[in-house]
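Read through the structure below, which is laid out as structure tokens, and then see the notes.
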Amino acid sequence: RESAALRGAVDAADPAAERAMPWSMMAGTPMPTPASCTAESVSPNAAARTCAAAASGAARGGLALLRSRPELLGLLMLTWFFNLLYGPVEVALPLHVTDDLHAPGTLLGLYWMLFGIGAVLGGLAVGALRRLPLWPVTVVIVVGWGLSLLPFGFDVPTAVTVACFTLGGVIYGPFVALSVTLMQAKSPPQHLAAMLAARSAVLLTASPLGTALGGPLTTALGPRATLGGSGLATVALGAVACVLLLARRRSSRVGFRHVRVGGTAVDSTTLNM
């Protein structure tokens, strides 16, 4: 009873353990969490070192698995660059409001408030979007978010950019849930926990790096051009992803074309021999 109480108290103190536990159970592979490490170790420092080493090993193993699966590696790279290109928006948008529009901070608050409302509404559509082909939907979200930023690069009324940023929130909202769902659908169940750990480790660098690049870009190009350039680069990213996706599907059809003979799948090249 005391052990259960201790475990419950540690779980409540660490939300990350609660988020990690469902993935480990879903994958059928135990994932080390701060709660389990604390319960099994006497020294807190030893528990921390054990958990850090286990998480690092899981991330390295997950990266090796992702490298062996081009489709999942491509999804990870798409997500990384998508988050990278979002980073400059957080730097350029406040300066766009103050320097380009000469508006008070309340306008910046309006931008982010409506973006948040749009993201919530977009998140509510995740259930319906999961019924559609996930790869095309993910690519459309990337392109749509980029298009919503393009008006910032032009001298348009403020109401237009506010409306586009709100629409951008609706488009951006389902992206994280759908990208994780796509990885779950394409990953072997026994390796899912390691792949998700690798995904989280890699994506930690994207947004901070994009934000760090946003400062020099905004200084050199100006807020308006930085926002528009971020949108244009995101559209280009989506276009590249679309071309690669179509090329992969085309090669898959050619490479794995087969017919059924007597209820057994036989490669067409075998029949021609």
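In the structure tokens, chains take the letters A, B, ... in the order shown, each chain's residues start at 1, and ligands count up from 1 in the order shown.
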Tell me which protein, DNA and RNA residues are within 10 Å of stretch 154-160 of chain A, counting only C-alpha atoms, leaving out same-chain ones fewer than 4 positions away, and put them as a tab-separated table (two decimals) with N, CA and C atoms, in the first residue's frame.
chain	number	residue	atom	x	y	z
A	97	VAL	N	4.03	44.06	-35.87
A	97	VAL	CA	2.97	44.87	-35.27
A	97	VAL	C	3.50	46.24	-34.88
A	100	ASP	N	6.09	47.75	-38.47
A	100	ASP	CA	5.43	47.90	-39.77
A	100	ASP	C	4.05	48.54	-39.64
A	101	LEU	N	3.28	48.08	-38.66
A	101	LEU	CA	1.90	48.57	-38.52
A	101	LEU	C	1.79	49.72	-37.53
A	107	LEU	N	-3.02	44.52	-30.58
A	107	LEU	CA	-3.17	43.86	-31.87
A	107	LEU	C	-2.40	42.54	-31.89
A	150	LEU	N	1.71	34.00	-46.32
A	150	LEU	CA	2.12	34.79	-47.48
A	150	LEU	C	1.57	36.21	-47.47
A	164	CYS	N	-6.15	35.68	-42.02
A	164	CYS	CA	-5.28	34.60	-42.51
A	164	CYS	C	-4.57	33.90	-41.35
A	165	PHE	N	-4.18	34.66	-40.32
A	165	PHE	CA	-3.51	34.04	-39.18
A	165	PHE	C	-4.49	33.17	-38.39
A	166	THR	N	-5.74	33.59	-38.34
A	166	THR	CA	-6.76	32.76	-37.69
A	166	THR	C	-6.98	31.47	-38.47
A	224	ARG	N	8.19	42.10	-42.11
A	224	ARG	CA	7.23	41.73	-43.15
A	224	ARG	C	7.82	40.67	-44.08
A	225	ALA	N	9.05	40.91	-44.53
A	225	ALA	CA	9.68	39.97	-45.45
A	225	ALA	C	9.99	38.64	-44.76
A	227	LEU	N	8.22	37.19	-42.33
A	227	LEU	CA	6.97	36.43	-42.25
A	227	LEU	C	6.58	35.85	-43.60
A	228	GLY	N	6.64	36.70	-44.64
A	228	GLY	CA	6.32	36.21	-45.97
A	228	GLY	C	7.29	35.15	-46.45
### Message
Would you pick out the contacts of A:Leu217 at 8 Å or less, using only C-alpha atoms, so that residues sharing its chain but fewer than 5 positions from it are not included, and give the list as a PyMOL selection string?
### Response
chain A and resi 88+222+226
Please tabulate, as a tab-separated table, the residues of stretch 160-237 of chain A that come within 10 Å of stretch 122-128 of chain A, each with its closest pair of atoms and the distance in Å to one decimal, counting only C-alpha atoms and ordering rows by chain, then residue number upward.
residue	atom	partner	partner_atom	distance
A:Leu167	CA	A:Gly122	CA	9.2
A:Gly168	CA	A:Gly122	CA	9.5
A:Gly169	CA	A:Gly122	CA	7.2
A:Val170	CA	A:Gly122	CA	4.3
A:Ile171	CA	A:Gly122	CA	6.2
A:Tyr172	CA	A:Gly122	CA	7.2
A:Gly173	CA	A:Gly122	CA	4.8
A:Pro174	CA	A:Gly123	CA	4.7
A:Phe175	CA	A:Gly123	CA	8.4
A:Val176	CA	A:Gly123	CA	9.2
A:Ala177	CA	A:Val126	CA	7.2
A:Leu178	CA	A:Val126	CA	7.0
A:Thr181	CA	A:Val126	CA	10.0
Quick one: write out the picked residues with all heavy atoms as an mmCIF file, in the first residue's frame?
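Okay, again_28.cif is ready:
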data_model
loop_
_atom_site.group_PDB
_atom_site.id
_atom_site.type_symbol
_atom_site.label_atom_id
_atom_site.label_comp_id
_atom_site.auth_asym_id
_atom_site.auth_seq_id
_atom_site.Cartn_x
_atom_site.Cartn_y
_atom_site.Cartn_z
ATOM 1 N N LEU A 167 -7.081 31.590 -39.783
ATOM 2 C CA LEU A 167 -7.202 30.397 -40.621
ATOM 3 C C LEU A 167 -5.967 29.513 -40.494
ATOM 4 O O LEU A 167 -6.066 28.282 -40.488
ATOM 5 C CB LEU A 167 -7.414 30.814 -42.074
ATOM 6 C CG LEU A 167 -7.543 29.684 -43.103
ATOM 7 C CD1 LEU A 167 -8.745 28.798 -42.786
ATOM 8 C CD2 LEU A 167 -7.652 30.256 -44.512
ATOM 9 N N GLY A 168 -4.804 30.155 -40.368
ATOM 10 C CA GLY A 168 -3.581 29.392 -40.166
ATOM 11 C C GLY A 168 -3.624 28.568 -38.896
ATOM 12 O O GLY A 168 -3.122 27.445 -38.846
ATOM 13 N N GLY A 169 -4.236 29.117 -37.844
ATOM 14 C CA GLY A 169 -4.393 28.351 -36.610
ATOM 15 C C GLY A 169 -5.266 27.126 -36.813
ATOM 16 O O GLY A 169 -4.967 26.049 -36.285
ATOM 17 N N VAL A 170 -6.338 27.286 -37.573
ATOM 18 C CA VAL A 170 -7.214 26.140 -37.864
ATOM 19 C C VAL A 170 -6.445 25.068 -38.625
ATOM 20 O O VAL A 170 -6.588 23.862 -38.354
ATOM 21 C CB VAL A 170 -8.441 26.604 -38.679
ATOM 22 C CG1 VAL A 170 -9.309 25.410 -39.068
ATOM 23 C CG2 VAL A 170 -9.253 27.613 -37.883
ATOM 24 N N ILE A 171 -5.604 25.494 -39.568
ATOM 25 C CA ILE A 171 -4.839 24.541 -40.372
ATOM 26 C C ILE A 171 -3.739 23.894 -39.536
ATOM 27 O O ILE A 171 -3.506 22.682 -39.609
ATOM 28 C CB ILE A 171 -4.242 25.262 -41.596
ATOM 29 C CG1 ILE A 171 -5.363 25.760 -42.514
ATOM 30 C CG2 ILE A 171 -3.299 24.338 -42.360
ATOM 31 C CD1 ILE A 171 -4.877 26.662 -43.623
ATOM 32 N N TYR A 172 -3.068 24.682 -38.727
ATOM 33 C CA TYR A 172 -1.934 24.196 -37.950
ATOM 34 C C TYR A 172 -2.377 23.265 -36.827
ATOM 35 O O TYR A 172 -1.639 22.336 -36.456
ATOM 36 C CB TYR A 172 -1.178 25.395 -37.366
ATOM 37 C CG TYR A 172 0.095 25.052 -36.637
ATOM 38 C CD1 TYR A 172 1.308 25.050 -37.308
ATOM 39 C CD2 TYR A 172 0.099 24.753 -35.278
ATOM 40 C CE1 TYR A 172 2.483 24.751 -36.651
ATOM 41 C CE2 TYR A 172 1.262 24.445 -34.611
ATOM 42 C CZ TYR A 172 2.452 24.454 -35.296
ATOM 43 O OH TYR A 172 3.609 24.148 -34.638
ATOM 44 N N GLY A 173 -3.563 23.480 -36.282
ATOM 45 C CA GLY A 173 -4.019 22.759 -35.100
ATOM 46 C C GLY A 173 -3.896 21.250 -35.153
ATOM 47 O O GLY A 173 -3.383 20.631 -34.217
ATOM 48 N N PRO A 174 -4.340 20.588 -36.223
ATOM 49 C CA PRO A 174 -4.309 19.110 -36.231
ATOM 50 C C PRO A 174 -2.946 18.511 -36.554
ATOM 51 O O PRO A 174 -2.814 17.289 -36.523
ATOM 52 C CB PRO A 174 -5.305 18.749 -37.344
ATOM 53 C CG PRO A 174 -5.973 20.017 -37.735
ATOM 54 C CD PRO A 174 -5.068 21.114 -37.379
ATOM 55 N N PHE A 175 -1.927 19.328 -36.858
ATOM 56 C CA PHE A 175 -0.691 18.774 -37.418
ATOM 57 C C PHE A 175 0.001 17.815 -36.467
ATOM 58 O O PHE A 175 0.396 16.711 -36.855
ATOM 59 C CB PHE A 175 0.270 19.904 -37.807
ATOM 60 C CG PHE A 175 1.573 19.403 -38.372
ATOM 61 C CD1 PHE A 175 1.661 18.995 -39.693
ATOM 62 C CD2 PHE A 175 2.710 19.304 -37.573
ATOM 63 C CE1 PHE A 175 2.846 18.507 -40.217
ATOM 64 C CE2 PHE A 175 3.904 18.820 -38.087
ATOM 65 C CZ PHE A 175 3.969 18.425 -39.415
ATOM 66 N N VAL A 176 0.183 18.222 -35.216
ATOM 67 C CA VAL A 176 0.942 17.377 -34.284
ATOM 68 C C VAL A 176 0.251 16.032 -34.088
ATOM 69 O O VAL A 176 0.882 14.966 -34.164
ATOM 70 C CB VAL A 176 1.121 18.105 -32.938
ATOM 71 C CG1 VAL A 176 1.790 17.182 -31.922
ATOM 72 C CG2 VAL A 176 1.950 19.371 -33.123
ATOM 73 N N ALA A 177 -1.066 16.072 -33.847
ATOM 74 C CA ALA A 177 -1.794 14.820 -33.611
ATOM 75 C C ALA A 177 -1.743 13.915 -34.839
ATOM 76 O O ALA A 177 -1.554 12.691 -34.721
ATOM 77 C CB ALA A 177 -3.242 15.127 -33.241
ATOM 78 N N LEU A 178 -1.887 14.484 -36.030
ATOM 79 C CA LEU A 178 -1.889 13.661 -37.237
ATOM 80 C C LEU A 178 -0.501 13.102 -37.543
ATOM 81 O O LEU A 178 -0.373 11.963 -38.009
ATOM 82 C CB LEU A 178 -2.401 14.474 -38.420
ATOM 83 C CG LEU A 178 -3.889 14.836 -38.396
ATOM 84 C CD1 LEU A 178 -4.258 15.673 -39.607
ATOM 85 C CD2 LEU A 178 -4.752 13.573 -38.338
ATOM 86 N N THR A 181 -0.017 10.255 -35.220
ATOM 87 C CA THR A 181 -0.862 9.146 -35.667
ATOM 88 C C THR A 181 -0.251 8.450 -36.879
ATOM 89 O O THR A 181 -0.262 7.213 -36.975
ATOM 90 C CB THR A 181 -2.261 9.657 -36.016
ATOM 91 O OG1 THR A 181 -2.850 10.261 -34.862
ATOM 92 C CG2 THR A 181 -3.160 8.524 -36.489
#
### Message
Excluding stretch 235-242 of chain A and its own-chain neighbours fewer than 2 positions away, which residues fall within 10 Å of it when counting only C-alpha atoms? Please give them as a VMD selection string.
### Response
chain A and resid 74 to 75 77 to 78 81 to 82 85 135 to 136 138 to 150 229 to 233 244 to 248
### Query
Which is closer to A:Arg69 than all the others in A:Asn83, A:Ser187, A:Ser251, A:Thr98, using only C-alpha atoms?
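Between A:Asn83, A:Ser187, A:Ser251, A:Thr98, the residue approaching A:Arg69 most closely is A:Ser187.
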### Task
Between atom CA of A:Ala197 and atom CA of A:Glu71, measure the distance and give it in Å to one decimal.
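Distance between the two atoms: 17.2 Å.
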### Query
With only C-alpha atoms as the basis for distance, which of A:Ala201, A:Leu76, A:Met195, A:Leu108 is at the shortest distance from A:Glu90?
A:Leu108
### Task
Provide the atom CA of A:Tyr111 to atom CA of A:Gly214 distance in Å, to one decimal place.
18.4 Å
